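Working notes, structure below.
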Amino acid sequence: MSDPGKLTQVEDKLQTLRAVGASAHFLQGEPLYHQLGTRHYQAAIWCGNGNALLQPAKYVKGLLDALPASVTLYENTDITGLERLSQGRVRANGVAGRIEAQQVLVCLNAFISRSGIDDSATFAMELSASLTRQLTDAEYQAIGAVEPWGVLSTRPLGATVRLTPDRRVMIRNTAEYRLRDLSASELRVRREHHVLGLQRRFPFLGAQDIQYTWTGHLSATRSGQAFFDRVEEGVFAVAGCNGSGVARGTLWGRLLAELASGVDSPLLQSVMQRAEPGWLPPRPFFDIGAMLRMRVEAVRARTEI
Ligand SMILES: Cc1cc2nc3c(=O)[nH]c(=O)nc-3n(C[C@H](O)[C@H](O)[C@H](O)COP(=O)(O)OP(=O)(O)OC[C@H]3O[C@@H](n4cnc5c(N)ncnc54)[C@H](O)[C@@H]3O)c2cc1C
């Protein structure tokens, strides 16, 4: 390994994964190459059983299709704040309407402050990613016709890369703390960064092979733990996915509903005990500190992007 600090305590990690039912293996050299079809990575923990890669857009759309008739969904409905009414009721005010309820679950992640909850100790980060065209049959054979995979870096700012079942490569190798959203031209610069990352792994792929590039926000915390709480009577909120929101967020959503319903469980207790997002200094000190920290992390992850 060129930087052994990137993957430490391998045996402990394998034991932990196996203890929760995963079939985990440490891979290096040729076996790792045959798993991924690229020699970019030098060591990894391969994890199967109980792990699955999912297509998040399909997953969310599937959930929408499966909603019971008792649930009414309002898409594209911006909530501008919550208002306390009499008898414990809460009103969610929107641009084009309002909804009143006895209980409100706020699951806005990076956008939580839009509901008026300003003290979640979370902050927004902006990430960008690209997806290539499908590999040709010849390209796919050349990388060993490997099974679809997903690679997560052990460094917080390292790249997430996937080979999808329809043989595209997806790369997310930027994550930034910013005061303004990325403009179209700034996103084009991030796209060049994606191209560099692609070429380090699959030299035959270039800018012309990227079909989609996009940017989005996630909610981060200083400690890496979520904000998960009963904010006040009838108002419950979760934020601070720290980048693993699709899997953990699904669990948090269920547990938040259980908390609001008065259902207790060891899992809920465990999540509530861990939900300490950590103190954030006031701005502009926080802005300066966050930007510096991101730069340090980017340097630490430089062989991983
Ligand atoms: C480029 C990128 C790559 C990522 N890659 C991965 C990955 O590989 N694996 C992984 O697990 N996670 C990944 N993530 C993180 C993942 O997307 C998030 O953790 C996940 O989407 C969090 O889900 P959520 O429902 O909590 O929040 P979100 O998906 O952010 O949903 C928040 C919702 O709130 C809505 N909203 C905002 N403001 C308002 C308002 N005022 N009123 C009403 N609604 C509002 C938004 O429209 C949005 O639908 C990635 C994120 C990005 C940006």
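Chain labels A, B, ... are given in the sequence in which chains occur in the structure tokens; within each chain residues are numbered consecutively from 1, and ligands are likewise numbered from 1 in the order shown.
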
*How would you write, as a PyMOL selection string, the set of residues no farther than 7 Å from ligand 1 when counting only C-alpha atoms and all ligand atoms?*
chain A and resi 77-80+107-111+114-115+126-129+160+172+214-218+239+241-247+249

Within 12 Å of stretch 40-46 of chain A, which residues of stretch 188-302 of chain A come that close, and what is the closest atom pair and distance in Å for each? Count only C-alpha atoms and give it as a Markdown table.
| residue | atom | partner | partner_atom | distance |
| --- | --- | --- | --- | --- |
| A:Gly197 | CA | A:His40 | CA | 10.0 |
| A:Leu198 | CA | A:His40 | CA | 10.2 |
| A:Gln199 | CA | A:His40 | CA | 9.8 |
| A:Arg200 | CA | A:His40 | CA | 6.6 |
| A:Arg201 | CA | A:His40 | CA | 5.3 |
| A:Phe202 | CA | A:His40 | CA | 8.5 |
| A:Pro203 | CA | A:His40 | CA | 10.4 |

_Selection near A:Leu131, 8 Å with only C-alpha atoms, sequence-local residues under 5 positions removed, as a list in words_ =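 Counting only C-alpha atoms, the residues come to Arg168, Val169, Met170, Ile171, Ile210, Gln211, Tyr212 and Thr213 of chain A.
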
*Could you name the residues that touch A:Asp229 at 7 Å or less, counting only C-alpha atoms, but leaving out those on the same chain fewer than 5 positions away, as a PyMOL selection string?*
chain A and resi 236-238

*asked:* Can you tell me which residues surround A:Asn173 at a distance of at most 10 Å, considering only C-alpha atoms, apart from same-chain residues fewer than 4 positions away, and format the answer as a ChimeraX atom specification?
replied: /A:127-130,153,157-161,190-191,193-198,298,301,304-305

Selection export as a PDB file, in the first residue's frame, atoms kept: N, CA and C atoms:
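Produced file out-v4.pdb, reproduced below:
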ATOM      1  N   LEU A 127     -21.771  18.295  -3.001  1.00  0.00           N
ATOM      2  CA  LEU A 127     -21.051  17.219  -3.670  1.00  0.00           C
ATOM      3  C   LEU A 127     -21.403  17.233  -5.155  1.00  0.00           C
ATOM      4  N   SER A 128     -20.505  16.718  -5.985  1.00  0.00           N
ATOM      5  CA  SER A 128     -20.849  16.604  -7.402  1.00  0.00           C
ATOM      6  C   SER A 128     -20.376  15.265  -7.934  1.00  0.00           C
ATOM      7  N   ALA A 129     -21.074  14.776  -8.938  1.00  0.00           N
ATOM      8  CA  ALA A 129     -20.784  13.440  -9.468  1.00  0.00           C
ATOM      9  C   ALA A 129     -21.032  13.404 -10.964  1.00  0.00           C
ATOM     10  N   SER A 130     -20.465  12.396 -11.618  1.00  0.00           N
ATOM     11  CA  SER A 130     -20.707  12.183 -13.053  1.00  0.00           C
ATOM     12  C   SER A 130     -20.959  10.710 -13.310  1.00  0.00           C
ATOM     13  N   SER A 153     -14.200   5.116  -0.210  1.00  0.00           N
ATOM     14  CA  SER A 153     -12.867   5.390   0.292  1.00  0.00           C
ATOM     15  C   SER A 153     -12.879   5.361   1.816  1.00  0.00           C
ATOM     16  N   LEU A 157     -12.935  12.465   2.289  1.00  0.00           N
ATOM     17  CA  LEU A 157     -13.123  13.160   1.015  1.00  0.00           C
ATOM     18  C   LEU A 157     -12.656  12.336  -0.185  1.00  0.00           C
ATOM     19  N   GLY A 158     -12.375  11.055   0.023  1.00  0.00           N
ATOM     20  CA  GLY A 158     -12.011  10.197  -1.109  1.00  0.00           C
ATOM     21  C   GLY A 158     -13.228   9.942  -1.991  1.00  0.00           C
ATOM     22  N   ALA A 159     -12.971   9.362  -3.166  1.00  0.00           N
ATOM     23  CA  ALA A 159     -14.047   9.189  -4.144  1.00  0.00           C
ATOM     24  C   ALA A 159     -14.952   8.009  -3.814  1.00  0.00           C
ATOM     25  N   THR A 160     -16.230   8.155  -4.170  1.00  0.00           N
ATOM     26  CA  THR A 160     -17.145   7.023  -4.256  1.00  0.00           C
ATOM     27  C   THR A 160     -17.236   6.676  -5.735  1.00  0.00           C
ATOM     28  N   VAL A 161     -16.990   5.422  -6.065  1.00  0.00           N
ATOM     29  CA  VAL A 161     -17.021   5.012  -7.475  1.00  0.00           C
ATOM     30  C   VAL A 161     -17.884   3.761  -7.595  1.00  0.00           C
ATOM     31  N   ARG A 190     -15.724  21.015 -11.814  1.00  0.00           N
ATOM     32  CA  ARG A 190     -15.800  19.777 -11.012  1.00  0.00           C
ATOM     33  C   ARG A 190     -15.832  18.562 -11.937  1.00  0.00           C
ATOM     34  N   ARG A 191     -16.489  18.729 -13.090  1.00  0.00           N
ATOM     35  CA  ARG A 191     -16.584  17.642 -14.061  1.00  0.00           C
ATOM     36  C   ARG A 191     -15.185  17.238 -14.545  1.00  0.00           C
ATOM     37  N   HIS A 193     -12.581  17.350 -12.836  1.00  0.00           N
ATOM     38  CA  HIS A 193     -12.047  16.578 -11.709  1.00  0.00           C
ATOM     39  C   HIS A 193     -12.558  15.126 -11.771  1.00  0.00           C
ATOM     40  N   HIS A 194     -13.819  14.981 -12.158  1.00  0.00           N
ATOM     41  CA  HIS A 194     -14.379  13.630 -12.305  1.00  0.00           C
ATOM     42  C   HIS A 194     -13.628  12.880 -13.412  1.00  0.00           C
ATOM     43  N   VAL A 195     -13.326  13.602 -14.499  1.00  0.00           N
ATOM     44  CA  VAL A 195     -12.616  12.967 -15.622  1.00  0.00           C
ATOM     45  C   VAL A 195     -11.256  12.449 -15.146  1.00  0.00           C
ATOM     46  N   LEU A 196     -10.547  13.276 -14.367  1.00  0.00           N
ATOM     47  CA  LEU A 196      -9.239  12.843 -13.848  1.00  0.00           C
ATOM     48  C   LEU A 196      -9.375  11.562 -13.031  1.00  0.00           C
ATOM     49  N   GLY A 197     -10.388  11.548 -12.180  1.00  0.00           N
ATOM     50  CA  GLY A 197     -10.619  10.369 -11.339  1.00  0.00           C
ATOM     51  C   GLY A 197     -10.955   9.141 -12.179  1.00  0.00           C
ATOM     52  N   LEU A 198     -11.751   9.341 -13.222  1.00  0.00           N
ATOM     53  CA  LEU A 198     -12.106   8.224 -14.111  1.00  0.00           C
ATOM     54  C   LEU A 198     -10.871   7.667 -14.788  1.00  0.00           C
ATOM     55  N   ALA A 298      -8.832  17.039   1.868  1.00  0.00           N
ATOM     56  CA  ALA A 298      -8.623  16.824   0.428  1.00  0.00           C
ATOM     57  C   ALA A 298      -7.181  16.390   0.164  1.00  0.00           C
ATOM     58  N   ALA A 301      -6.710  12.860   1.170  1.00  0.00           N
ATOM     59  CA  ALA A 301      -7.393  11.913   0.275  1.00  0.00           C
ATOM     60  C   ALA A 301      -6.869  11.997  -1.153  1.00  0.00           C
ATOM     61  N   GLU A 304      -6.837   9.221  -3.456  1.00  0.00           N
ATOM     62  CA  GLU A 304      -8.119   8.515  -3.474  1.00  0.00           C
ATOM     63  C   GLU A 304      -9.150   9.227  -4.332  1.00  0.00           C
ATOM     64  N   ILE A 305      -8.736  10.293  -5.039  1.00  0.00           N
ATOM     65  CA  ILE A 305      -9.742  11.045  -5.789  1.00  0.00           C
ATOM     66  C   ILE A 305      -9.626  10.803  -7.297  1.00  0.00           C
TER      67      ILE A 305
END

_I want to know what sits within 12 Å of A:Gln273, based on only C-alpha atoms, with residues of the same chain fewer than 6 positions away left out; could you give that as a ChimeraX atom specification?_
/A:225-229,266-267

Writer output for current selection, N, CA and C atoms, as a PDB file, in the first residue's frame:
ATOM      1  N   GLN A 225     -21.950  12.246  13.795  1.00  0.00           N
ATOM      2  CA  GLN A 225     -23.210  11.659  14.260  1.00  0.00           C
ATOM      3  C   GLN A 225     -24.372  12.559  13.861  1.00  0.00           C
ATOM      4  N   ALA A 226     -25.552  11.979  13.804  1.00  0.00           N
ATOM      5  CA  ALA A 226     -26.713  12.727  13.322  1.00  0.00           C
ATOM      6  C   ALA A 226     -27.329  13.625  14.401  1.00  0.00           C
ATOM      7  N   PHE A 227     -28.145  14.550  13.940  1.00  0.00           N
ATOM      8  CA  PHE A 227     -29.075  15.259  14.817  1.00  0.00           C
ATOM      9  C   PHE A 227     -30.380  14.477  14.733  1.00  0.00           C
ATOM     10  N   PHE A 228     -30.891  14.009  15.849  1.00  0.00           N
ATOM     11  CA  PHE A 228     -32.098  13.153  15.866  1.00  0.00           C
ATOM     12  C   PHE A 228     -32.797  13.462  17.172  1.00  0.00           C
ATOM     13  N   ASP A 229     -33.941  14.144  17.116  1.00  0.00           N
ATOM     14  CA  ASP A 229     -34.485  14.624  18.389  1.00  0.00           C
ATOM     15  C   ASP A 229     -35.967  14.962  18.304  1.00  0.00           C
ATOM     16  N   PRO A 266     -34.499  -0.864  21.827  1.00  0.00           N
ATOM     17  CA  PRO A 266     -33.055  -0.694  22.067  1.00  0.00           C
ATOM     18  C   PRO A 266     -32.391   0.065  20.913  1.00  0.00           C
ATOM     19  N   LEU A 267     -32.867  -0.168  19.685  1.00  0.00           N
ATOM     20  CA  LEU A 267     -32.280   0.514  18.526  1.00  0.00           C
ATOM     21  C   LEU A 267     -32.531   2.019  18.596  1.00  0.00           C
TER      22      LEU A 267
END

_Please compute the atom CA of A:Gln28-atom CA of A:Arg300 distance, one decimal, in Å._
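Separating atom CA of A:Gln28 from atom CA of A:Arg300 is a distance of 21.1 Å.
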
*asked:* Give me, as a VMD selection string, the residues of stretch 62-269 of chain A that a backbone DSSP run labels helix (DSSP H, G or I).
replied: chain A and resid 62 to 65 86 to 88 109 to 115 137 to 142 184 to 201 207 to 209 245 to 260 266 to 269

Written file, previous selection with C-alpha atoms, as a PDB file, in the first residue's frame:
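Output (result11.pdb):
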ATOM      1  CA  GLY A  62     -40.467   2.634  -5.689  1.00  0.00           C
ATOM      2  CA  LEU A  63     -41.304   3.837  -2.187  1.00  0.00           C
ATOM      3  CA  LEU A  64     -43.631   6.451  -3.655  1.00  0.00           C
ATOM      4  CA  ASP A  65     -45.406   3.805  -5.742  1.00  0.00           C
ATOM      5  CA  SER A  86     -53.407  25.879  20.175  1.00  0.00           C
ATOM      6  CA  GLN A  87     -54.017  22.399  21.624  1.00  0.00           C
ATOM      7  CA  GLY A  88     -50.573  21.171  20.614  1.00  0.00           C
ATOM      8  CA  ASN A 109     -31.520  16.913   5.892  1.00  0.00           C
ATOM      9  CA  ALA A 110     -29.315  19.750   4.550  1.00  0.00           C
ATOM     10  CA  PHE A 111     -32.353  22.020   4.304  1.00  0.00           C
ATOM     11  CA  ILE A 112     -33.546  21.617   7.907  1.00  0.00           C
ATOM     12  CA  SER A 113     -33.132  25.311   8.708  1.00  0.00           C
ATOM     13  CA  ARG A 114     -35.852  26.101   6.150  1.00  0.00           C
ATOM     14  CA  SER A 115     -38.364  24.708   8.646  1.00  0.00           C
ATOM     15  CA  ASP A 137     -18.892  -5.034 -24.936  1.00  0.00           C
ATOM     16  CA  ALA A 138     -15.177  -4.806 -25.846  1.00  0.00           C
ATOM     17  CA  GLU A 139     -14.443  -2.409 -22.956  1.00  0.00           C
ATOM     18  CA  TYR A 140     -16.405  -4.556 -20.555  1.00  0.00           C
ATOM     19  CA  GLN A 141     -14.536  -7.690 -21.615  1.00  0.00           C
ATOM     20  CA  ALA A 142     -11.233  -5.772 -21.331  1.00  0.00           C
ATOM     21  CA  ALA A 184     -22.964  25.908 -14.082  1.00  0.00           C
ATOM     22  CA  SER A 185     -19.400  26.948 -14.933  1.00  0.00           C
ATOM     23  CA  GLU A 186     -18.118  25.852 -11.507  1.00  0.00           C
ATOM     24  CA  LEU A 187     -19.805  22.488 -12.036  1.00  0.00           C
ATOM     25  CA  ARG A 188     -17.959  22.147 -15.351  1.00  0.00           C
ATOM     26  CA  VAL A 189     -14.685  22.527 -13.422  1.00  0.00           C
ATOM     27  CA  ARG A 190     -15.800  19.777 -11.012  1.00  0.00           C
ATOM     28  CA  ARG A 191     -16.584  17.642 -14.061  1.00  0.00           C
ATOM     29  CA  GLU A 192     -12.926  17.918 -15.129  1.00  0.00           C
ATOM     30  CA  HIS A 193     -12.047  16.578 -11.709  1.00  0.00           C
ATOM     31  CA  HIS A 194     -14.379  13.630 -12.305  1.00  0.00           C
ATOM     32  CA  VAL A 195     -12.616  12.967 -15.622  1.00  0.00           C
ATOM     33  CA  LEU A 196      -9.239  12.843 -13.848  1.00  0.00           C
ATOM     34  CA  GLY A 197     -10.619  10.369 -11.339  1.00  0.00           C
ATOM     35  CA  LEU A 198     -12.106   8.224 -14.111  1.00  0.00           C
ATOM     36  CA  GLN A 199      -8.854   8.159 -16.047  1.00  0.00           C
ATOM     37  CA  ARG A 200      -6.873   7.052 -13.020  1.00  0.00           C
ATOM     38  CA  ARG A 201      -9.126   4.018 -12.810  1.00  0.00           C
ATOM     39  CA  ALA A 207     -14.653  13.756 -20.908  1.00  0.00           C
ATOM     40  CA  GLN A 208     -16.510  12.715 -24.055  1.00  0.00           C
ATOM     41  CA  ASP A 209     -17.753   9.580 -22.274  1.00  0.00           C
ATOM     42  CA  GLY A 245     -28.255   8.896   4.305  1.00  0.00           C
ATOM     43  CA  VAL A 246     -29.809   6.425   1.917  1.00  0.00           C
ATOM     44  CA  ALA A 247     -29.137   3.463   4.172  1.00  0.00           C
ATOM     45  CA  ARG A 248     -29.030   5.050   7.619  1.00  0.00           C
ATOM     46  CA  GLY A 249     -31.695   7.623   6.699  1.00  0.00           C
ATOM     47  CA  THR A 250     -34.166   4.852   5.966  1.00  0.00           C
ATOM     48  CA  LEU A 251     -33.595   3.497   9.459  1.00  0.00           C
ATOM     49  CA  TRP A 252     -33.736   6.953  11.032  1.00  0.00           C
ATOM     50  CA  GLY A 253     -37.029   7.676   9.261  1.00  0.00           C
ATOM     51  CA  ARG A 254     -38.591   4.579  10.766  1.00  0.00           C
ATOM     52  CA  LEU A 255     -37.180   5.307  14.217  1.00  0.00           C
ATOM     53  CA  LEU A 256     -38.345   8.923  14.094  1.00  0.00           C
ATOM     54  CA  ALA A 257     -41.881   7.696  13.350  1.00  0.00           C
ATOM     55  CA  GLU A 258     -41.548   5.286  16.289  1.00  0.00           C
ATOM     56  CA  LEU A 259     -40.349   8.078  18.574  1.00  0.00           C
ATOM     57  CA  ALA A 260     -43.344  10.210  17.568  1.00  0.00           C
ATOM     58  CA  PRO A 266     -33.055  -0.694  22.067  1.00  0.00           C
ATOM     59  CA  LEU A 267     -32.280   0.514  18.526  1.00  0.00           C
ATOM     60  CA  LEU A 268     -34.094   3.813  19.091  1.00  0.00           C
ATOM     61  CA  GLN A 269     -32.277   4.271  22.399  1.00  0.00           C
TER      62      GLN A 269
END

*From the set A:Arg167, A:Arg274, A:Arg295, A:Arg162, which residue has the shortest atom-to-atom contact distance to A:Ala145, counting only C-alpha atoms?*
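Answer, going by the shortest atom-to-atom distance: A:Arg167.
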
*Within 12 Å of A:Leu54, counting only C-alpha atoms, which residues show up once you throw out same-chain ones fewer than 3 positions away? Write them as a PyMOL selection string, please.*
chain A and resi 51+57-60+62+148-150+162-165+246-247

*Enumerate, as a PyMOL selection string, the complete set of residues in stretch 32-249 of chain A that a backbone-based DSSP assignment places in strand (DSSP E).*
chain A and resi 43-48+79-84+90-94+98-101+104-106+122-132+149-151+160-163+169-176+210-221+227-232+235-239
